[in-house]
$ cat run_26.cif   # mmCIF, C-alpha atoms and all ligand atoms
data_coords
loop_
_atom_site.label_atom_id
_atom_site.label_comp_id
_atom_site.auth_asym_id
_atom_site.auth_seq_id
_atom_site.Cartn_x
_atom_site.Cartn_y
_atom_site.Cartn_z
CA MET A 99 128.09 138.61 114.31
CA GLN A 100 125.58 140.69 112.35
CA ASN A 101 127.37 140.92 108.98
CA PHE A 102 130.75 141.41 107.31
CA SER A 103 130.73 145.22 107.16
CA ASN A 104 134.29 146.60 107.11
CA LYS A 105 135.62 143.12 106.36
CA ASN A 106 137.87 142.43 103.39
CA VAL A 107 137.18 138.96 102.08
CA LEU A 108 139.52 137.22 99.65
CA LEU A 109 137.83 134.33 97.84
CA CYS A 110 140.18 131.87 96.14
CA VAL A 111 138.39 129.77 93.52
CA THR A 112 140.13 126.60 92.39
CA GLY A 113 139.25 124.24 89.54
CA GLY A 114 136.34 122.02 90.48
CA ILE A 115 132.79 121.70 89.22
CA ALA A 116 131.54 123.52 92.35
CA ALA A 117 133.36 126.64 91.10
CA TYR A 118 130.08 127.71 89.51
CA LYS A 119 128.76 128.26 93.06
CA SER A 120 131.45 130.86 93.78
CA ALA A 121 129.27 133.59 92.22
CA GLU A 122 126.63 132.87 94.86
CA ILE A 123 129.26 132.93 97.63
CA ILE A 124 130.37 136.39 96.47
CA ARG A 125 126.77 137.60 96.27
CA LEU A 126 126.08 136.46 99.84
CA PHE A 127 129.27 138.06 101.22
CA LYS A 128 128.39 141.31 99.45
CA LYS A 129 124.80 141.19 100.71
CA ASP A 130 126.37 141.11 104.18
CA GLU A 131 128.44 144.18 103.28
CA ALA A 132 131.86 142.57 102.74
CA ASP A 133 134.35 143.95 100.25
CA VAL A 134 135.18 140.90 98.13
CA ARG A 135 138.20 140.30 95.91
CA VAL A 136 138.59 137.10 93.93
CA VAL A 137 141.65 135.04 93.09
CA MET A 138 141.18 132.40 90.40
CA THR A 139 143.53 129.56 89.56
CA GLU A 140 144.03 128.76 85.88
CA SER A 141 141.87 125.63 86.12
CA ALA A 142 139.06 127.53 87.92
CA LYS A 143 138.63 129.55 84.73
CA GLU A 144 137.65 126.33 82.93
CA PHE A 145 134.56 126.14 85.17
CA ILE A 146 133.43 129.77 85.49
CA THR A 147 134.53 132.88 83.64
CA PRO A 148 136.56 135.65 85.30
CA LEU A 149 134.09 138.11 83.77
CA THR A 150 131.21 136.61 85.75
CA LEU A 151 133.08 136.81 89.06
CA GLN A 152 134.33 140.30 88.28
CA ALA A 153 130.77 141.46 87.60
CA VAL A 154 129.41 139.94 90.81
CA SER A 155 132.29 141.08 93.06
CA GLY A 156 132.58 144.54 91.49
CA ASN A 157 136.38 144.17 91.60
CA GLU A 158 138.98 143.09 89.07
CA ILE A 159 139.89 139.41 89.22
CA HIS A 160 143.38 138.46 90.43
CA ASP A 161 144.79 135.50 88.58
CA SER A 162 148.49 135.99 87.99
CA LEU A 163 151.62 136.16 90.09
CA LEU A 164 153.91 137.26 87.33
CA ASP A 165 151.77 139.79 85.49
CA ILE A 166 153.51 143.20 85.83
CA LYS A 167 150.28 145.14 85.28
CA ALA A 168 148.32 143.15 87.88
CA GLU A 169 151.16 143.25 90.41
CA SER A 170 151.52 147.02 90.05
CA ALA A 171 147.77 147.49 90.72
CA MET A 172 147.76 145.34 93.88
CA GLY A 173 150.74 143.07 94.44
CA HIS A 174 150.34 139.66 96.01
CA ILE A 175 151.86 140.79 99.32
CA GLU A 176 149.56 143.79 99.41
CA LEU A 177 146.58 141.55 98.61
CA ALA A 178 147.62 139.13 101.35
CA LYS A 179 147.76 142.03 103.84
CA TRP A 180 144.47 143.48 102.58
CA ALA A 181 142.48 140.32 103.42
CA ASP A 182 140.79 140.04 106.80
CA LEU A 183 139.77 136.53 105.92
CA ILE A 184 140.49 134.12 103.10
CA LEU A 185 138.07 131.50 101.85
CA ILE A 186 139.19 128.82 99.41
CA ALA A 187 135.98 127.51 97.82
CA PRO A 188 135.90 125.14 96.15
CA CYS A 189 139.25 123.75 97.25
CA THR A 190 140.44 120.78 95.20
CA ALA A 191 142.59 117.90 96.50
CA ASP A 192 145.46 119.33 94.45
CA SER A 193 145.12 122.77 96.08
CA MET A 194 145.07 121.21 99.56
CA SER A 195 148.27 119.35 98.76
CA LYS A 196 149.83 122.50 97.34
CA ILE A 197 149.10 124.42 100.56
CA VAL A 198 150.50 121.60 102.71
CA TYR A 199 153.79 121.79 100.79
CA GLY A 200 153.89 125.59 100.80
CA ARG A 201 154.23 125.87 97.04
CA ALA A 202 154.23 129.47 95.85
CA ASP A 203 154.28 128.94 92.10
CA ASP A 204 150.95 130.67 91.53
CA LEU A 205 149.10 133.61 93.05
CA MET A 206 146.95 131.60 95.45
CA GLY A 207 149.89 129.59 96.81
CA ALA A 208 151.96 132.75 97.35
CA LEU A 209 149.07 134.56 99.02
CA ILE A 210 148.39 131.76 101.47
CA LEU A 211 152.03 131.84 102.57
CA ALA A 212 152.10 135.61 102.85
CA SER A 213 148.83 136.15 104.71
CA ASN A 214 148.18 136.27 108.43
CA ALA A 215 144.42 136.23 107.91
CA GLU A 216 142.19 133.42 109.12
CA ILE A 217 141.88 130.90 106.27
CA PHE A 218 138.77 128.82 105.64
CA ILE A 219 138.83 125.85 103.28
CA ALA A 220 135.67 124.40 101.69
CA PRO A 221 136.88 121.20 100.01
CA ALA A 222 135.11 119.77 96.96
CA MET A 223 136.20 116.58 95.26
CA ASN A 224 135.18 113.04 94.45
CA MET A 225 134.47 110.99 97.60
CA ASN A 226 137.31 108.53 96.96
CA MET A 227 139.74 111.40 96.52
CA TRP A 228 138.55 112.89 99.82
CA LEU A 229 138.79 109.57 101.65
CA ASP A 230 142.19 108.77 100.16
CA LYS A 231 144.92 108.46 102.80
CA THR A 232 147.00 111.27 101.31
CA THR A 233 144.12 113.75 101.28
CA GLN A 234 143.18 112.75 104.82
CA GLU A 235 146.77 113.31 105.95
CA ASN A 236 146.79 116.69 104.21
CA TYR A 237 143.49 117.53 105.88
CA LYS A 238 144.86 116.69 109.35
CA THR A 239 148.07 118.61 108.67
CA LEU A 240 146.15 121.72 107.63
CA LEU A 241 143.85 121.44 110.66
CA SER A 242 146.89 121.21 112.92
CA ARG A 243 148.30 124.35 111.28
CA GLY A 244 145.15 126.32 112.16
CA PHE A 245 143.25 126.24 108.86
CA SER A 246 139.48 126.03 109.40
CA PHE A 247 137.56 123.48 107.34
CA ILE A 248 133.97 123.87 106.20
CA GLY A 249 132.76 120.46 105.10
CA PRO A 250 132.90 118.64 102.83
CA ALA A 251 129.20 117.76 102.83
CA GLU A 252 127.84 114.33 102.03
CA GLY A 253 125.51 113.57 99.16
CA GLU A 254 125.28 112.90 95.46
CA GLN A 255 128.32 114.08 93.54
CA ALA A 256 128.68 115.38 90.00
CA CYS A 257 130.20 112.02 89.00
CA GLY A 258 127.20 110.12 90.39
CA ASP A 259 128.97 108.73 93.50
CA VAL A 260 127.27 109.29 96.84
CA GLY A 261 129.38 110.16 99.88
CA PRO A 262 131.55 112.89 101.42
CA GLY A 263 133.14 115.38 99.04
CA ARG A 264 130.46 117.86 97.98
CA MET A 265 131.15 121.51 98.66
CA VAL A 266 128.97 122.82 101.48
CA GLU A 267 126.18 125.06 100.09
CA PRO A 268 127.12 128.77 99.84
CA ILE A 269 124.55 129.95 102.39
CA LYS A 270 125.82 127.45 104.96
CA ILE A 271 129.45 128.42 104.24
CA ILE A 272 128.61 132.04 105.03
CA GLU A 273 126.72 131.10 108.19
CA LEU A 274 129.57 128.91 109.44
CA ILE A 275 132.19 131.58 108.80
CA LYS A 276 130.08 134.15 110.65
CA SER A 277 129.65 131.76 113.50
CA ALA A 278 133.37 130.89 113.61
CA LEU A 279 134.38 134.55 113.61
CA ASN A 280 132.11 135.18 116.50
CA GLN A 281 134.12 133.81 119.39
CA GLY A 282 131.06 133.22 121.60
CA PRO A 283 130.66 130.02 123.61
CA LEU A 284 128.17 128.67 121.06
CA SER A 285 130.17 129.42 117.95
CA GLY A 286 129.92 126.59 115.46
CA LYS A 287 126.66 125.35 116.99
CA THR A 288 123.24 125.42 115.35
CA ILE A 289 120.24 126.00 117.61
CA THR A 290 116.60 125.59 116.69
CA ILE A 291 114.17 127.51 118.87
CA THR A 292 110.36 127.62 118.90
CA ALA A 293 108.62 130.78 120.09
CA GLY A 294 105.22 132.38 120.50
CA PRO A 295 101.79 130.78 120.51
CA THR A 296 100.24 128.44 117.96
CA ARG A 297 96.84 129.01 116.39
CA GLU A 298 94.46 126.11 115.93
CA GLN A 299 91.70 127.16 113.53
CA ILE A 300 88.08 126.31 114.32
CA ASP A 301 86.69 127.97 111.21
CA PRO A 302 88.18 130.42 108.69
CA VAL A 303 88.04 133.35 111.13
CA ARG A 304 88.35 131.83 114.60
CA PHE A 305 91.08 129.93 116.38
CA ILE A 306 92.24 128.58 119.74
CA SER A 307 95.43 130.23 121.00
CA ASN A 308 97.06 131.68 124.13
CA ASN A 309 98.73 134.79 125.51
CA SER A 310 102.31 134.08 124.45
CA SER A 311 103.85 137.19 122.87
CA GLY A 312 107.01 135.43 121.66
CA LYS A 313 109.20 137.77 123.76
CA MET A 314 110.96 134.99 125.67
CA GLY A 315 111.62 132.87 122.56
CA TYR A 316 112.83 135.87 120.52
CA ALA A 317 115.11 136.87 123.42
CA MET A 318 116.52 133.32 123.42
CA ALA A 319 117.17 133.65 119.69
CA SER A 320 118.98 137.00 120.08
CA ALA A 321 121.07 135.72 122.97
CA ALA A 322 122.01 132.60 120.96
CA VAL A 323 123.17 134.81 118.05
CA GLU A 324 125.23 136.90 120.50
CA ALA A 325 126.80 133.68 121.75
CA GLY A 326 127.87 132.85 118.21
CA ALA A 327 125.30 130.21 117.24
CA ILE A 328 123.49 129.79 113.94
CA VAL A 329 119.87 130.20 114.94
CA ASN A 330 116.69 128.83 113.38
CA LEU A 331 113.67 130.48 114.98
CA ILE A 332 110.33 128.80 114.35
CA SER A 333 107.75 131.29 115.40
CA GLY A 334 104.01 131.24 115.85
CA PRO A 335 102.08 134.40 114.95
CA VAL A 336 103.57 137.35 116.88
CA THR A 337 104.25 141.00 116.08
CA LEU A 338 107.94 141.01 117.04
CA LEU A 339 110.88 141.58 114.71
CA ALA A 340 113.60 138.95 114.90
CA ASP A 341 117.31 139.73 115.08
CA LYS A 342 118.65 140.16 111.51
CA SER A 343 121.01 137.23 111.89
CA VAL A 344 118.27 134.80 112.86
CA ASN A 345 116.79 132.42 110.26
CA LEU A 346 113.09 133.04 110.90
CA TYR A 347 110.35 130.60 109.87
CA LYS A 348 106.78 131.64 110.57
CA VAL A 349 104.08 129.06 111.24
CA ASN A 350 100.52 129.02 112.57
CA SER A 351 99.47 125.66 113.92
CA ALA A 352 101.22 123.12 116.16
CA ASP A 353 101.34 120.70 113.22
CA GLU A 354 103.19 123.28 111.11
CA MET A 355 105.54 124.03 114.02
CA LEU A 356 106.30 120.33 114.41
CA GLU A 357 106.99 119.91 110.69
CA MET A 358 109.31 122.95 110.62
CA SER A 359 111.07 121.86 113.81
CA ILE A 360 111.83 118.45 112.32
CA LYS A 361 113.13 120.11 109.14
CA TYR A 362 115.44 122.49 110.99
CA MET A 363 116.75 119.91 113.46
CA GLU A 364 118.54 118.00 110.69
CA ASP A 365 121.78 119.95 111.27
CA ALA A 366 121.09 121.33 114.75
CA ASP A 367 122.94 120.68 118.01
CA VAL A 368 120.32 122.11 120.38
CA PHE A 369 116.53 122.33 120.41
CA ILE A 370 114.81 124.87 122.68
CA GLY A 371 111.03 124.64 122.94
CA CYS A 372 109.94 128.03 124.20
CA ALA A 373 106.67 128.16 122.29
CA ALA A 374 103.38 127.90 124.07
CA VAL A 375 102.06 125.15 121.84
CA SER A 376 98.33 124.47 121.90
CA ASP A 377 97.78 121.13 123.53
CA TYR A 378 94.58 120.59 121.52
CA LYS A 379 93.21 121.31 118.08
CA SER A 380 89.73 121.12 116.60
CA MET A 381 88.79 117.70 115.20
CA ASP A 382 86.97 119.31 112.28
CA ILE A 383 87.86 122.74 110.97
CA SER A 384 84.71 124.22 109.44
CA ASP A 385 85.17 125.46 105.85
CA ILE A 386 82.71 128.27 106.48
CA LYS A 387 82.25 130.67 109.38
CA ILE A 388 80.29 128.89 112.12
CA LYS A 389 76.94 130.71 112.50
CA LYS A 390 75.80 131.86 115.92
CA GLU A 391 72.23 130.68 115.30
CA ALA A 392 73.43 127.18 114.44
CA ALA A 393 72.69 125.98 117.97
CA ASP A 394 72.00 127.19 121.51
CA GLY A 395 75.46 126.21 122.50
CA LEU A 396 78.46 125.11 120.55
CA ASN A 397 80.43 121.95 121.08
CA ILE A 398 83.90 121.94 119.64
CA HIS A 399 85.48 118.52 119.64
CA LEU A 400 89.18 118.73 120.33
CA LYS A 401 91.95 116.25 119.82
CA LYS A 402 95.45 116.29 121.21
CA ASN A 403 98.29 117.85 119.29
CA LYS A 404 101.50 115.89 119.00
CA ASP A 405 104.11 116.96 121.55
CA ILE A 406 106.82 118.74 119.56
CA LEU A 407 109.47 118.69 122.29
CA SER A 408 109.29 114.97 123.04
CA THR A 409 109.01 114.11 119.34
CA ILE A 410 112.22 116.04 118.63
CA ALA A 411 113.97 114.53 121.68
CA ALA A 412 113.16 111.03 120.43
CA LYS A 413 113.98 111.72 116.78
CA TYR A 414 117.28 113.54 117.34
CA PRO A 415 118.76 111.86 120.45
CA SER A 416 122.26 113.27 120.00
CA ALA A 417 121.08 116.90 120.25
CA TYR A 418 120.67 118.76 123.58
CA HIS A 419 116.95 119.33 124.33
CA VAL A 420 115.53 122.15 126.40
CA GLY A 421 111.88 122.75 127.24
CA PHE A 422 110.07 125.51 129.07
CA ALA A 423 107.34 124.76 131.59
CA ALA A 424 104.64 127.37 132.13
CA GLU A 425 103.09 126.42 135.45
CA THR A 426 100.59 128.03 137.84
CA ASN A 427 100.96 125.63 140.79
CA ASN A 428 103.54 123.13 142.09
CA VAL A 429 105.79 124.84 139.59
CA ASP A 430 109.06 122.98 140.07
CA PHE A 431 107.46 119.64 140.85
CA ASN A 432 105.45 119.77 137.59
CA ALA A 433 108.48 121.02 135.67
CA LYS A 434 110.59 118.10 136.92
CA GLU A 435 107.85 115.71 135.81
CA LYS A 436 108.08 117.21 132.31
CA LEU A 437 111.86 116.80 132.34
CA VAL A 438 111.32 113.07 132.86
CA SER A 439 108.17 112.46 130.79
CA LYS A 440 109.42 114.40 127.75
CA LYS A 441 112.92 112.85 128.12
CA VAL A 442 114.75 116.17 127.75
CA ASP A 443 118.04 117.44 129.20
CA MET A 444 116.77 120.67 130.72
CA ILE A 445 113.49 122.35 131.67
CA ILE A 446 113.10 126.05 132.40
CA SER A 447 110.18 126.56 134.75
CA ASN A 448 108.33 129.86 135.04
CA ASP A 449 105.44 130.61 137.36
CA VAL A 450 102.84 132.09 135.03
CA SER A 451 100.39 132.74 137.87
CA ASN A 452 102.62 135.76 138.56
CA THR A 453 101.53 138.34 135.97
CA ALA A 454 104.76 140.34 136.37
CA ILE A 455 106.71 137.54 134.69
CA GLY A 456 106.04 134.90 132.02
CA PHE A 457 103.35 135.61 129.42
CA ASP A 458 103.36 138.86 127.44
CA VAL A 459 105.63 140.94 129.70
CA ASP A 460 109.26 142.04 129.39
CA ASP A 461 110.56 140.21 132.49
CA ASN A 462 110.89 136.62 133.57
CA GLU A 463 112.07 134.66 136.59
CA VAL A 464 112.94 131.01 136.12
CA ASN A 465 114.45 127.85 137.50
CA VAL A 466 116.83 126.04 135.19
CA ILE A 467 116.29 122.37 136.01
CA THR A 468 118.36 119.37 134.94
CA ASN A 469 118.43 115.92 136.53
CA LYS A 470 121.43 117.07 138.60
CA GLU A 471 120.58 120.59 139.71
CA SER A 472 118.18 123.50 139.83
CA ILE A 473 119.52 127.01 139.21
CA PHE A 474 117.33 129.97 140.17
CA LEU A 475 117.55 133.06 137.93
CA LYS A 476 115.89 135.98 139.69
CA LYS A 477 113.50 138.39 137.98
CA ASP A 478 115.18 140.29 135.17
CA LYS A 479 114.64 141.40 131.55
CA LYS A 480 113.97 138.41 129.29
CA ILE A 481 117.11 139.08 127.24
CA ARG A 482 119.29 138.88 130.39
CA ILE A 483 117.55 135.71 131.54
CA ALA A 484 118.03 134.30 128.02
CA ARG A 485 121.78 135.09 128.11
CA GLU A 486 122.15 133.30 131.44
CA ILE A 487 120.20 130.27 130.22
CA LEU A 488 122.34 130.04 127.07
CA ASN A 489 125.47 130.35 129.12
CA ILE A 490 124.38 127.35 131.18
CA ILE A 491 123.42 125.42 128.01
CA SER A 492 126.81 126.18 126.43
CA MET A 493 128.63 124.84 129.49
CA LYS A 494 126.56 121.65 129.33
CA ILE A 495 127.05 120.98 125.63
CA ASN A 496 130.70 121.94 125.54
CA LYS A 497 131.25 119.36 128.31
CA LYS A 498 129.20 116.66 126.46
O1 LIG A 501 106.02 134.37 124.73
P1 LIG A 501 106.08 135.17 126.01
O2 LIG A 501 104.90 136.11 126.12
O3 LIG A 501 107.39 135.85 126.21
O4 LIG A 501 105.91 134.14 127.22
C1 LIG A 501 106.91 133.21 127.50
C2 LIG A 501 106.36 131.82 127.90
C3 LIG A 501 105.63 131.93 129.21
C4 LIG A 501 105.39 131.32 126.82
C5 LIG A 501 107.59 130.86 127.98
O5 LIG A 501 108.46 131.34 128.98
C6 LIG A 501 107.15 129.45 128.34
O6 LIG A 501 106.98 129.06 129.45
N1 LIG A 501 106.97 128.61 127.28
C7 LIG A 501 106.43 127.25 127.36
C8 LIG A 501 104.94 127.33 127.46
C9 LIG A 501 104.28 125.98 127.52
O7 LIG A 501 103.58 125.63 126.59
O8 LIG A 501 104.57 125.24 128.53
P2 LIG A 501 104.01 123.74 128.76
O9 LIG A 501 104.32 123.44 130.15
O10 LIG A 501 102.59 123.60 128.31
O11 LIG A 501 104.87 122.86 127.78
C10 LIG A 501 106.11 122.26 128.19
C11 LIG A 501 107.03 122.17 127.02
O12 LIG A 501 106.49 121.32 126.02
C12 LIG A 501 107.33 123.49 126.35
O13 LIG A 501 108.69 123.49 126.00
C13 LIG A 501 106.46 123.47 125.10
O14 LIG A 501 107.03 124.21 124.02
C14 LIG A 501 106.44 121.98 124.79
N2 LIG A 501 105.23 121.51 124.09
C15 LIG A 501 104.01 121.58 124.66
C16 LIG A 501 102.91 121.07 123.97
C17 LIG A 501 103.10 120.49 122.68
N3 LIG A 501 102.06 120.02 121.99
N4 LIG A 501 104.32 120.44 122.16
C18 LIG A 501 105.38 120.93 122.85
O15 LIG A 501 106.51 120.87 122.35
#

$ encode --input "run_26.cif" --output "structure tokens" --more "lines below"
Ligand code: PMT
Amino acid sequence: MQNFSNKNVLLCVTGGIAAYKSAEIIRLFKKDEADVRVVMTESAKEFITPLTLQAVSGNEIHDSLLDIKAESAMGHIELAKWADLILIAPCTADSMSKIVYGRADDLMGALILASNAEIFIAPAMNMNMWLDKTTQENYKTLLSRGFSFIGPAEGEQACGDVGPGRMVEPIKIIELIKSALNQGPLSGKTITITAGPTREQIDPVRFISNNSSGKMGYAMASAAVEAGAIVNLISGPVTLLADKSVNLYKVNSADEMLEMSIKYMEDADVFIGCAAVSDYKSMDISDIKIKKEAADGLNIHLKKNKDILSTIAAKYPSAYHVGFAAETNNVDFNAKEKLVSKKVDMIISNDVSNTAIGFDVDDNEVNVITNKESIFLKKDKKIRIAREILNIISMKINKK
């Protein structure tokens, strides 16, 4: 899903300390072109002013069920019908209980009963309140009635306790809603993909690199977005534009790519190493431009870069790991060796001795290899190959 254009979003803010983050939620929805209306409970107004949320949303705040003026402008039934989706953030333990019991003694309670829209709940409360049996029963009841939960996240709480109960950060809430609305086979999954070449500097103006254009990795990222995933794309230096919905992180060297990959695997379900990572880097990067007359010849001492794919596979064993193998001979044999030596779940082999596929062209032809099978995908545009690969990955991880 690209954005929320033409979507009517109803944000219900209830009374918790995380209510101050609701302004950021509104800003992010609006940035993605949603029309946002806000319902505030009485206690929410103790944490953030209606004026603030009115200014950010650009719409009058709705806060009363029995106010004749407000009801004549847009009645609660009308508001319930207007909403394409409802987000309750933050949602307190009290509000969860209220929804379970179908109480309609305030605007939010009445709206929830009257609406057919998809309802997302981002709980926020003290960890003991969240873990309490009653809240957990309410949580299960709401799940069974089709409410979608976002979080809570774990971490330090306003009261100083550490554990589950924090509201998920606004940016992540938006990403997860987008992903949930997109009914693709990877909806709800986060995928981190590397793409393009790396550059290993020798001196300030020269570097070791390769012919990777990033086309295959960027196609994988677009296809993953189409399939509903949240996508982190860690890209070496290329001239391509990434899909708007992709979270793009640009790097130069293999070390930077490794560091970024580790950072963006924290929440990820799948890692796809499509980058052509330099196997070696210079042992000493000269601070000044190396002069031609410095010697008859030039020896550059290289040392091995860390292997990103196998490092990630070892560090995040519960994720699904996919590598690419660019080979010029014994293609599938070498690719299978990489499957085993790098301890990954899948390797995509491409024969880069064939200049019509692989590096810096629009097409590819690959074998998708796991320890059980090998699936041949005949020559096609990289985006179509990427869609097929992601389809296979989604079947594997949804079975896991
Ligand atoms: O970018 P394009 O122009 O579209 O070209 C696409 C491609 C040919 C680059 C792509 O399809 C491809 O094959 N990518 C992997 C290239 C490669 O480096 O292959 P490899 O066999 O050397 O490495 C095997 C795997 O280990 C790869 O997943 C690679 O990302 C990973 N690796 C390698 C070295 C290293 N230090 N760290 C790694 O993670």

$ closest_residue --input "run_26.cif" --among "A:Lys470, A:Arg201, A:Arg135, A:Lys379" --to "Lys402 of chain A" --atoms "only C-alpha atoms"
A:Lys379

$ residues_around --input "run_26.cif" --residues "Val450 of chain A" --least-positions-apart "3" --cutoff "6 Å" --atoms "only C-alpha atoms" --output "NGL selection string"
:A and (424-426 or 456)

$ closest_residue --input "run_26.cif" --among "A:Glu298, A:Asp449, A:Asp460, A:Asp165" --to "Asn350 of chain A" --atoms "all atoms listed in the file"
A:Glu298

$ residues_around --input "run_26.cif" --residues "Ala220 of chain A" --least-positions-apart "3" --cutoff "6 Å" --atoms "all atoms listed in the file" --output "CSV table (one decimal) with C-alpha atoms, in the coordinates of the input"
chain,number,residue,atom,x,y,z
A,187,ALA,CA,136.0,127.5,97.8
A,188,PRO,CA,135.9,125.1,96.2
A,189,CYS,CA,139.2,123.8,97.2
A,248,ILE,CA,134.0,123.9,106.2
A,249,GLY,CA,132.8,120.5,105.1

$ atom_distance --input "run_26.cif" --atom1 "atom CA of Thr232 of chain A" --atom2 "atom CA of Ile197 of chain A"
13.3 Å

$ closest_residue --input "run_26.cif" --among "A:Phe457, A:Glu357, A:Met194, A:Pro283" --to "Asn309 of chain A" --atoms "only C-alpha atoms"
A:Phe457

$ atom_distance --input "run_26.cif" --atom1 "atom CA of Ala317 of chain A" --atom2 "atom CA of Lys480 of chain A"
6.2 Å

$ residues_around --input "run_26.cif" --residues "Asn101 of chain A" --least-positions-apart "2" --cutoff "10 Å" --atoms "all atoms listed in the file" --output "PyMOL selection string"
chain A and resi 99+103-105+127-132+272-273+276+342-343

$ closest_residue --input "run_26.cif" --among "A:Val438, A:Ile410, A:Leu396, A:Ala322" --to "Glu486 of chain A" --atoms "only C-alpha atoms"
A:Ala322

$ residues_near_ligand --input "run_26.cif" --ligand "ligand LIG 501 (chain A)" --cutoff "8 Å" --atoms "all atoms listed in the file" --output "JSON, numbers by chain"
{"A": [292, 293, 294, 295, 309, 310, 311, 312, 313, 314, 315, 316, 352, 356, 370, 371, 372, 373, 374, 375, 376, 377, 378, 402, 403, 404, 405, 406, 407, 408, 409, 420, 421, 422, 423, 424, 425, 433, 436, 440, 445, 446, 447, 448, 450, 455, 456, 457, 458, 459, 460, 462, 480]}

$ atom_distance --input "run_26.cif" --atom1 "atom CA of Gly261 of chain A" --atom2 "atom CA of Pro221 of chain A"
13.3 Å

$ closest_residue --input "run_26.cif" --among "A:Asn452, A:Thr190, A:Ser155, A:Gln234" --to "Val464 of chain A" --atoms "all atoms listed in the file"
A:Asn452

$ residues_around --input "run_26.cif" --residues "segment 223-226 of chain A" --least-positions-apart "6" --cutoff "8 Å" --atoms "all atoms listed in the file" --output "PyMOL selection string"
chain A and resi 114+190-191+255+257+259-265

$ closest_residue --input "run_26.cif" --among "A:Glu235, A:Asp385, A:Asp192, A:Asp367" --to "Ala222 of chain A" --atoms "all atoms listed in the file"
A:Asp192

$ residues_around --input "run_26.cif" --residues "Leu274 of chain A" --least-positions-apart "6" --cutoff "10 Å" --atoms "all atoms listed in the file" --output "ChimeraX atom specification"
/A:218,247-248,268,280,285-288,326-328

$ residues_near_point --input "run_26.cif" --point "(112.8, 141.9, 137.5)" --cutoff "7 Å" --atoms "all atoms listed in the file" --output "MDAnalysis selection string"
chainID A and resid 461:462 477:479
